[in-house]
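Structure file start_7.tsv (TSV, C-alpha atoms) follows.
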chain	number	residue	atom	x	y	z
A	1	MET	CA	31.71	-21.13	-25.35
A	2	THR	CA	30.74	-19.47	-22.08
A	3	THR	CA	28.14	-21.31	-20.05
A	4	MET	CA	25.45	-19.08	-18.58
A	5	THR	CA	24.59	-19.76	-14.94
A	6	ALA	CA	20.85	-19.68	-14.25
A	7	LEU	CA	19.92	-16.80	-11.97
A	8	PRO	CA	17.74	-17.51	-8.93
A	9	ALA	CA	14.23	-16.13	-8.96
A	10	LEU	CA	13.39	-13.23	-6.67
A	11	ALA	CA	12.06	-14.52	-3.35
A	12	TYR	CA	10.40	-12.51	-0.57
A	13	GLN	CA	9.80	-13.24	3.10
A	14	VAL	CA	6.72	-12.45	5.19
A	15	LYS	CA	7.58	-9.40	7.31
A	16	ASN	CA	6.31	-10.71	10.64
A	17	ASP	CA	7.56	-7.64	12.50
A	18	LEU	CA	4.89	-5.57	10.73
A	19	LYS	CA	1.94	-7.51	12.17
A	20	PRO	CA	0.22	-5.19	14.65
A	21	GLY	CA	-0.66	-6.23	18.18
A	22	PRO	CA	-4.14	-5.69	19.71
A	23	LEU	CA	-5.89	-2.66	18.24
A	24	GLU	CA	-8.87	-0.52	19.22
A	25	GLY	CA	-11.93	-1.31	17.11
A	26	LEU	CA	-10.13	-3.82	14.87
A	27	SER	CA	-10.44	-7.30	16.32
A	28	GLU	CA	-7.58	-9.74	16.63
A	29	LYS	CA	-9.64	-12.29	14.68
A	30	MET	CA	-10.03	-9.92	11.74
A	31	ILE	CA	-6.36	-8.92	11.79
A	32	ASP	CA	-5.33	-12.59	11.87
A	33	GLN	CA	-7.55	-13.36	8.86
A	34	HIS	CA	-6.26	-10.30	7.04
A	35	TRP	CA	-2.66	-11.25	7.80
A	36	MET	CA	-3.20	-14.68	6.23
A	37	LEU	CA	-4.26	-12.94	3.01
A	38	TYR	CA	-1.05	-10.89	3.06
A	39	LYS	CA	0.98	-14.08	3.49
A	40	GLY	CA	-0.83	-15.48	0.45
A	41	TYR	CA	0.35	-12.54	-1.66
A	42	VAL	CA	3.95	-13.16	-0.61
A	43	THR	CA	3.58	-16.83	-1.57
A	44	ASN	CA	2.06	-15.97	-4.94
A	45	VAL	CA	4.71	-13.36	-5.77
A	46	ASN	CA	7.39	-15.95	-5.17
A	47	LEU	CA	5.51	-18.57	-7.17
A	48	LEU	CA	5.00	-16.30	-10.16
A	49	ASN	CA	8.60	-15.08	-10.11
A	50	GLN	CA	9.80	-18.68	-10.07
A	51	THR	CA	7.43	-19.61	-12.91
A	52	VAL	CA	8.74	-16.75	-15.05
A	53	ARG	CA	12.34	-17.67	-14.24
A	54	ASP	CA	11.72	-21.32	-15.12
A	55	CYS	CA	10.22	-20.27	-18.44
A	56	LEU	CA	13.22	-18.10	-19.29
A	57	ASP	CA	15.71	-20.78	-18.24
A	58	SER	CA	13.97	-23.41	-20.37
A	59	GLY	CA	13.93	-21.19	-23.45
A	60	GLY	CA	10.16	-20.69	-23.29
A	61	GLN	CA	8.26	-17.68	-24.58
A	62	LEU	CA	6.70	-15.19	-22.15
A	63	ASN	CA	4.29	-14.00	-24.83
A	64	GLU	CA	2.52	-17.34	-25.25
A	65	PRO	CA	-0.95	-17.21	-23.65
A	66	ARG	CA	-0.34	-19.12	-20.42
A	67	MET	CA	2.87	-17.33	-19.54
A	68	ALA	CA	1.51	-13.95	-20.63
A	69	GLU	CA	-1.22	-14.25	-18.01
A	70	VAL	CA	1.36	-15.21	-15.38
A	71	GLN	CA	3.36	-12.09	-16.26
A	72	ARG	CA	0.28	-9.87	-16.17
A	73	ARG	CA	-0.68	-11.26	-12.76
A	74	LEU	CA	2.55	-10.06	-11.18
A	75	GLY	CA	1.32	-6.47	-10.72
A	76	PHE	CA	-1.74	-7.65	-8.77
A	77	GLU	CA	0.22	-9.98	-6.49
A	78	TYR	CA	3.16	-7.61	-5.97
A	79	ASN	CA	0.94	-4.69	-5.00
A	80	GLY	CA	-1.15	-6.98	-2.79
A	81	MET	CA	2.04	-7.79	-0.91
A	82	ILE	CA	3.58	-4.31	-0.79
A	83	LEU	CA	0.44	-2.32	0.05
A	84	HIS	CA	-0.36	-4.67	2.92
A	85	GLU	CA	3.13	-4.06	4.28
A	86	TYR	CA	2.52	-0.31	4.19
A	87	TYR	CA	-0.91	-0.83	5.78
A	88	PHE	CA	0.05	-3.16	8.62
A	89	GLY	CA	3.27	-1.27	9.28
A	90	SER	CA	1.38	1.90	10.14
A	91	LEU	CA	-1.06	0.40	12.69
A	92	ALA	CA	-0.47	0.44	16.44
A	93	LYS	CA	-2.74	0.65	19.48
A	94	GLY	CA	-2.75	3.92	21.35
A	95	SER	CA	-1.01	5.86	18.62
A	96	ARG	CA	-0.42	9.54	19.19
A	97	SER	CA	-1.81	12.32	17.02
A	98	LEU	CA	0.36	13.79	14.31
A	99	SER	CA	2.56	16.45	15.88
A	100	GLN	CA	1.71	19.92	14.63
A	101	SER	CA	5.42	20.70	14.57
A	102	SER	CA	6.21	17.77	12.26
A	103	ASP	CA	7.24	18.29	8.65
A	104	LEU	CA	4.31	16.13	7.53
A	105	HIS	CA	1.75	18.25	9.39
A	106	LYS	CA	3.23	21.37	7.84
A	107	LYS	CA	3.09	19.73	4.41
A	108	LEU	CA	-0.57	18.74	4.84
A	109	ASN	CA	-1.32	22.37	5.71
A	110	GLU	CA	0.58	23.54	2.66
A	111	ASP	CA	-0.92	21.10	0.15
A	112	PHE	CA	-4.46	20.60	1.50
A	113	GLY	CA	-5.14	23.72	3.56
A	114	GLY	CA	-4.96	21.81	6.85
A	115	PHE	CA	-4.92	18.35	8.39
A	116	ASP	CA	-8.71	18.23	8.69
A	117	ARG	CA	-9.20	19.07	5.01
A	118	TRP	CA	-6.77	16.30	4.04
A	119	ARG	CA	-8.52	13.85	6.35
A	120	LYS	CA	-11.95	14.71	4.94
A	121	GLN	CA	-10.81	14.03	1.38
A	122	PHE	CA	-9.03	10.82	2.38
A	123	VAL	CA	-12.10	9.51	4.23
A	124	GLU	CA	-14.47	10.35	1.40
A	125	ILE	CA	-12.23	8.58	-1.12
A	126	GLY	CA	-12.12	5.57	1.22
A	127	LYS	CA	-15.93	5.46	1.33
A	128	MET	CA	-16.29	5.21	-2.45
A	129	ARG	CA	-17.96	2.04	-3.70
A	130	GLY	CA	-15.64	-0.69	-4.91
A	131	VAL	CA	-12.71	-2.67	-3.59
A	132	GLY	CA	-9.28	-1.12	-3.40
A	133	TRP	CA	-7.16	1.33	-1.47
A	134	ALA	CA	-7.09	4.99	-0.46
A	135	ILE	CA	-3.52	6.27	-0.66
A	136	THR	CA	-1.86	9.60	-0.02
A	137	TYR	CA	1.35	9.75	-2.05
A	138	LEU	CA	4.24	12.14	-2.28
A	139	ASP	CA	4.95	13.31	-5.83
A	140	PRO	CA	8.77	13.36	-5.67
A	141	PHE	CA	8.98	15.41	-8.85
A	142	CYS	CA	7.23	18.46	-7.44
A	143	GLN	CA	7.21	17.59	-3.72
A	144	ARG	CA	3.43	17.65	-3.37
A	145	LEU	CA	1.09	15.28	-1.56
A	146	VAL	CA	-1.71	13.73	-3.64
A	147	THR	CA	-4.52	11.42	-2.52
A	148	ALA	CA	-5.89	8.83	-4.94
A	149	TRP	CA	-8.03	5.71	-5.22
A	150	VAL	CA	-6.46	2.44	-6.39
A	151	SER	CA	-8.74	-0.34	-7.64
A	152	ASP	CA	-7.90	-3.95	-6.69
A	153	HIS	CA	-4.20	-3.56	-5.85
A	154	GLU	CA	-2.70	-2.30	-9.06
A	155	VAL	CA	-5.16	-0.17	-11.05
A	156	GLY	CA	-4.71	3.58	-10.72
A	157	HIS	CA	-1.27	3.89	-9.13
A	158	ILE	CA	0.56	7.04	-10.17
A	159	ALA	CA	3.96	6.17	-11.65
A	160	GLY	CA	6.86	7.21	-9.45
A	161	PHE	CA	4.74	8.52	-6.56
A	162	ILE	CA	5.66	7.28	-3.07
A	163	PRO	CA	2.94	5.94	-0.70
A	164	ILE	CA	2.74	7.74	2.64
A	165	VAL	CA	-0.71	6.89	4.12
A	166	VAL	CA	-2.21	3.60	2.92
A	167	MET	CA	-5.70	2.33	3.84
A	168	ASP	CA	-7.10	-1.02	2.73
A	169	VAL	CA	-10.80	-0.80	1.84
A	170	TRP	CA	-11.36	-4.27	0.49
A	171	GLU	CA	-14.25	-5.90	2.39
A	172	HIS	CA	-11.90	-8.33	4.12
A	173	ALA	CA	-10.42	-5.36	6.00
A	174	PHE	CA	-13.68	-4.63	7.84
A	175	VAL	CA	-16.55	-7.08	7.21
A	176	THR	CA	-15.70	-9.38	10.13
A	177	ASP	CA	-16.07	-6.51	12.62
A	178	TYR	CA	-18.44	-4.09	10.91
A	179	GLY	CA	-20.43	-5.94	8.25
A	180	ASN	CA	-20.71	-5.22	4.56
A	181	SER	CA	-22.54	-1.90	4.57
A	182	ALA	CA	-21.69	1.71	3.88
A	183	GLU	CA	-22.17	2.49	7.58
A	184	GLY	CA	-19.86	-0.35	8.58
A	185	ARG	CA	-17.26	0.81	6.11
A	186	GLY	CA	-17.36	4.27	7.66
A	187	GLN	CA	-16.98	2.83	11.17
A	188	TYR	CA	-13.96	0.84	10.01
A	189	ILE	CA	-12.35	3.97	8.57
A	190	GLU	CA	-12.77	5.74	11.92
A	191	ALA	CA	-11.17	2.76	13.67
A	192	PHE	CA	-8.33	2.80	11.14
A	193	PHE	CA	-7.59	6.44	11.95
A	194	GLY	CA	-7.75	5.66	15.66
A	195	ASN	CA	-4.90	3.18	15.28
A	196	LEU	CA	-2.62	5.04	12.89
A	197	ASP	CA	0.99	5.28	14.05
A	198	TRP	CA	1.73	8.83	12.97
A	199	ASP	CA	5.37	8.51	13.99
A	200	VAL	CA	5.81	5.81	11.35
A	201	ILE	CA	3.92	7.82	8.75
A	202	ALA	CA	5.83	11.03	9.50
A	203	GLU	CA	9.09	9.10	9.07
A	204	ARG	CA	7.85	7.73	5.73
A	205	TYR	CA	7.23	11.27	4.58
A	206	SER	CA	10.65	12.46	5.75
A	207	LEU	CA	12.39	9.64	3.88
A	208	ALA	CA	10.27	10.17	0.77
A	209	ALA	CA	10.97	13.91	0.78
A	210	GLN	CA	14.67	13.15	0.49
A	211	SER	CA	13.96	11.47	-2.87
A	212	LYS	CA	13.35	14.78	-4.58
A	213	ILE	CA	13.54	14.59	-8.37
A	214	ALA	CA	13.72	17.55	-10.72
A	215	CYS	CA	10.23	18.81	-11.57
A	216	ARG	CA	8.77	17.53	-14.83
A	217	GLU	CA	7.91	21.06	-15.92
A	218	LYS	CA	10.44	22.52	-18.33
A	219	THR	CA	12.19	25.55	-16.93
A	220	VAL	CA	13.69	28.38	-18.96
Please re-express this file's structure in structure tokens.
Amino acid sequence: MTTMTALPALAYQVKNDLKPGPLEGLSEKMIDQHWMLYKGYVTNVNLLNQTVRDCLDSGGQLNEPRMAEVQRRLGFEYNGMILHEYYFGSLAKGSRSLSQSSDLHKKLNEDFGGFDRWRKQFVEIGKMRGVGWAITYLDPFCQRLVTAWVSDHEVGHIAGFIPIVVMDVWEHAFVTDYGNSAEGRGQYIEAFFGNLDWDVIAERYSLAAQSKIACREKTV
């Protein structure tokens, strides 16, 4: 009889290189507090993955109530980790504007009728009531950019789409500096745009655009 060797659970590390330095309009205190929340998501992803692995190794059932809730929680914790990595990784003080000659700028013109029209839609989605994220994705099937709202961390993602611009609009992203009001939320969004590293975002788009998949529409 062949003895099965237990596989290790997936384990992730905090990506300390993504933590931004001093920013304009986003205080170091708030970023530090926000970063601690991100670290918590990494810890919880690892904990839940280990719990699931322990259950499987012991012959337990993932569909029994306690373990089912652990399994369901993974989407929340995973997206809390991953979206924060997209978010923090695109922030830098003194960032330059998006180059008009870049492929991303051309794509925003093509899909939204101009950078300003894209920005207006993105900002208005970010100002919607509720906690979550505003995200501009690339649809790799048809090579189009789409902006959407995601509730919490995991509700509303579009399957297979690749995040390009990611903005956290949970209260913890802005309350410390701007208070919990619609006006404060809007001021935070302006500060977010003032610190976007468009070089990073343009590179994300370039990499995502290489992941082209045949369009879903049937061709004849």
Contact residues around Phe115 of chain A with all atoms listed in the file at 12 Å, ignoring same-chain residues under 3 positions, as a list in words: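 Those residues are Ser97, Leu98, Ser99, Gln100, Ser102, Leu104, His105, Lys106, Lys107, Leu108, Asn109, Glu110, Asp111, Phe112, Trp118, Arg119, Lys120, Gln121 and Phe122 of chain A.
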Written file, previous selection with C-alpha atoms, as an mmCIF file, in the coordinates of the input:
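Below you can see part-v4.cif, which holds the result:
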data_model
loop_
_atom_site.group_PDB
_atom_site.id
_atom_site.type_symbol
_atom_site.label_atom_id
_atom_site.label_comp_id
_atom_site.auth_asym_id
_atom_site.auth_seq_id
_atom_site.Cartn_x
_atom_site.Cartn_y
_atom_site.Cartn_z
ATOM 1 C CA SER A 97 -1.810 12.320 17.020
ATOM 2 C CA LEU A 98 0.360 13.790 14.310
ATOM 3 C CA SER A 99 2.560 16.450 15.880
ATOM 4 C CA GLN A 100 1.710 19.920 14.630
ATOM 5 C CA SER A 102 6.210 17.770 12.260
ATOM 6 C CA LEU A 104 4.310 16.130 7.530
ATOM 7 C CA HIS A 105 1.750 18.250 9.390
ATOM 8 C CA LYS A 106 3.230 21.370 7.840
ATOM 9 C CA LYS A 107 3.090 19.730 4.410
ATOM 10 C CA LEU A 108 -0.570 18.740 4.840
ATOM 11 C CA ASN A 109 -1.320 22.370 5.710
ATOM 12 C CA GLU A 110 0.580 23.540 2.660
ATOM 13 C CA ASP A 111 -0.920 21.100 0.150
ATOM 14 C CA PHE A 112 -4.460 20.600 1.500
ATOM 15 C CA TRP A 118 -6.770 16.300 4.040
ATOM 16 C CA ARG A 119 -8.520 13.850 6.350
ATOM 17 C CA LYS A 120 -11.950 14.710 4.940
ATOM 18 C CA GLN A 121 -10.810 14.030 1.380
ATOM 19 C CA PHE A 122 -9.030 10.820 2.380
#
Atom CA of Met30 of chain A to atom CA of Leu196 of chain A measures 16.7 Å
If we count only C-alpha atoms, what is near Arg53 of chain A at a cut-off of 9 Å, once residues fewer than 6 positions away on the same chain are taken out, given as a CSV table (one decimal) with C-alpha atoms, keeping the file's coordinate frame?
chain,number,residue,atom,x,y,z
A,6,ALA,CA,20.8,-19.7,-14.2
A,7,LEU,CA,19.9,-16.8,-12.0
A,8,PRO,CA,17.7,-17.5,-8.9
A,9,ALA,CA,14.2,-16.1,-9.0
A,10,LEU,CA,13.4,-13.2,-6.7
Taking 4 positions as the minimum chain separation for residues in the same chain, which residues sit within 8 Å of segment 78-93 of chain A when counting all atoms listed in the file? Answer as a list in words.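 My reading of the contact set: Lys15, Leu18, Lys19, Pro20, Gly21, Pro22, Leu23, Glu24, Tyr38, Lys39, Tyr41, Val42, Val45, Leu74, His153, Glu154, Pro163, Val165, Val166, Met167, Asp168, Phe192, Asn195, Leu196, Asp197, Trp198, Val200 and Ile201 of chain A.
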Residues proximal to (-11.1, 2.6, 8.4) were defined as those with any atom within 9 Å of that point in the file's coordinates, counting all atoms listed in the file. Which are they, as a ChimeraX atom specification? /A:123,126,167-169,173-174,185-194
Pick from A:Ala202, A:Arg117, A:Val150, A:Gly25 nearest to Gly94 of chain A, counting all atoms listed in the file: A:Gly25
One residue among A:Met67, A:Phe141, A:Ser58, A:Trp35 is nearest to Asp17 of chain A when using all atoms listed in the file, and that residue is A:Trp35
N, CA and C atoms modelled onto segment 72-95 of chain A, as a JSON list (two decimals), in the frame of the given file:
[["chain", "number", "residue", "atom", "x", "y", "z"],
["A", 72, "ARG", "N", 1.23, -10.94, -16.48],
["A", 72, "ARG", "CA", 0.28, -9.87, -16.17],
["A", 72, "ARG", "C", -0.17, -9.92, -14.70],
["A", 73, "ARG", "N", -0.20, -11.10, -14.13],
["A", 73, "ARG", "CA", -0.68, -11.26, -12.76],
["A", 73, "ARG", "C", 0.29, -10.69, -11.74],
["A", 74, "LEU", "N", 1.54, -10.51, -12.13],
["A", 74, "LEU", "CA", 2.55, -10.06, -11.18],
["A", 74, "LEU", "C", 2.20, -8.73, -10.52],
["A", 75, "GLY", "N", 1.65, -7.78, -11.29],
["A", 75, "GLY", "CA", 1.32, -6.47, -10.72],
["A", 75, "GLY", "C", 0.30, -6.58, -9.61],
["A", 76, "PHE", "N", -0.70, -7.44, -9.80],
["A", 76, "PHE", "CA", -1.74, -7.65, -8.77],
["A", 76, "PHE", "C", -1.13, -8.23, -7.51],
["A", 77, "GLU", "N", -0.35, -9.30, -7.66],
["A", 77, "GLU", "CA", 0.22, -9.98, -6.49],
["A", 77, "GLU", "C", 1.27, -9.11, -5.80],
["A", 78, "TYR", "N", 2.13, -8.47, -6.57],
["A", 78, "TYR", "CA", 3.16, -7.61, -5.97],
["A", 78, "TYR", "C", 2.53, -6.49, -5.15],
["A", 79, "ASN", "N", 1.56, -5.79, -5.73],
["A", 79, "ASN", "CA", 0.94, -4.69, -5.00],
["A", 79, "ASN", "C", 0.13, -5.19, -3.82],
["A", 80, "GLY", "N", -0.47, -6.39, -3.94],
["A", 80, "GLY", "CA", -1.15, -6.98, -2.79],
["A", 80, "GLY", "C", -0.19, -7.20, -1.64],
["A", 81, "MET", "N", 1.02, -7.60, -1.94],
["A", 81, "MET", "CA", 2.04, -7.79, -0.91],
["A", 81, "MET", "C", 2.53, -6.44, -0.36],
["A", 82, "ILE", "N", 2.93, -5.56, -1.23],
["A", 82, "ILE", "CA", 3.58, -4.31, -0.79],
["A", 82, "ILE", "C", 2.60, -3.38, -0.07],
["A", 83, "LEU", "N", 1.39, -3.23, -0.60],
["A", 83, "LEU", "CA", 0.44, -2.32, 0.05],
["A", 83, "LEU", "C", 0.04, -2.83, 1.43],
["A", 84, "HIS", "N", -0.06, -4.15, 1.59],
["A", 84, "HIS", "CA", -0.36, -4.67, 2.92],
["A", 84, "HIS", "C", 0.79, -4.39, 3.89],
["A", 85, "GLU", "N", 2.01, -4.38, 3.41],
["A", 85, "GLU", "CA", 3.13, -4.06, 4.28],
["A", 85, "GLU", "C", 3.08, -2.59, 4.72],
["A", 86, "TYR", "N", 2.73, -1.70, 3.81],
["A", 86, "TYR", "CA", 2.52, -0.31, 4.19],
["A", 86, "TYR", "C", 1.38, -0.20, 5.21],
["A", 87, "TYR", "N", 0.30, -0.90, 4.94],
["A", 87, "TYR", "CA", -0.91, -0.83, 5.78],
["A", 87, "TYR", "C", -0.63, -1.34, 7.19],
["A", 88, "PHE", "N", -0.18, -2.59, 7.30],
["A", 88, "PHE", "CA", 0.05, -3.16, 8.62],
["A", 88, "PHE", "C", 1.15, -2.41, 9.37],
["A", 89, "GLY", "N", 2.15, -1.95, 8.65],
["A", 89, "GLY", "CA", 3.27, -1.27, 9.28],
["A", 89, "GLY", "C", 2.93, 0.06, 9.91],
["A", 90, "SER", "N", 1.75, 0.59, 9.59],
["A", 90, "SER", "CA", 1.38, 1.90, 10.14],
["A", 90, "SER", "C", 0.29, 1.80, 11.20],
["A", 91, "LEU", "N", -0.02, 0.59, 11.68],
["A", 91, "LEU", "CA", -1.06, 0.40, 12.69],
["A", 91, "LEU", "C", -0.45, 0.05, 14.04],
["A", 92, "ALA", "N", -0.92, 0.72, 15.08],
["A", 92, "ALA", "CA", -0.47, 0.44, 16.44],
["A", 92, "ALA", "C", -1.49, 0.99, 17.43],
["A", 93, "LYS", "N", -1.77, 0.23, 18.47],
["A", 93, "LYS", "CA", -2.74, 0.65, 19.48],
["A", 93, "LYS", "C", -2.22, 1.85, 20.25],
["A", 94, "GLY", "N", -3.11, 2.77, 20.53],
["A", 94, "GLY", "CA", -2.75, 3.92, 21.35],
["A", 94, "GLY", "C", -1.83, 4.90, 20.67],
["A", 95, "SER", "N", -1.90, 4.97, 19.36],
["A", 95, "SER", "CA", -1.01, 5.86, 18.62],
["A", 95, "SER", "C", -1.31, 7.32, 18.93]]
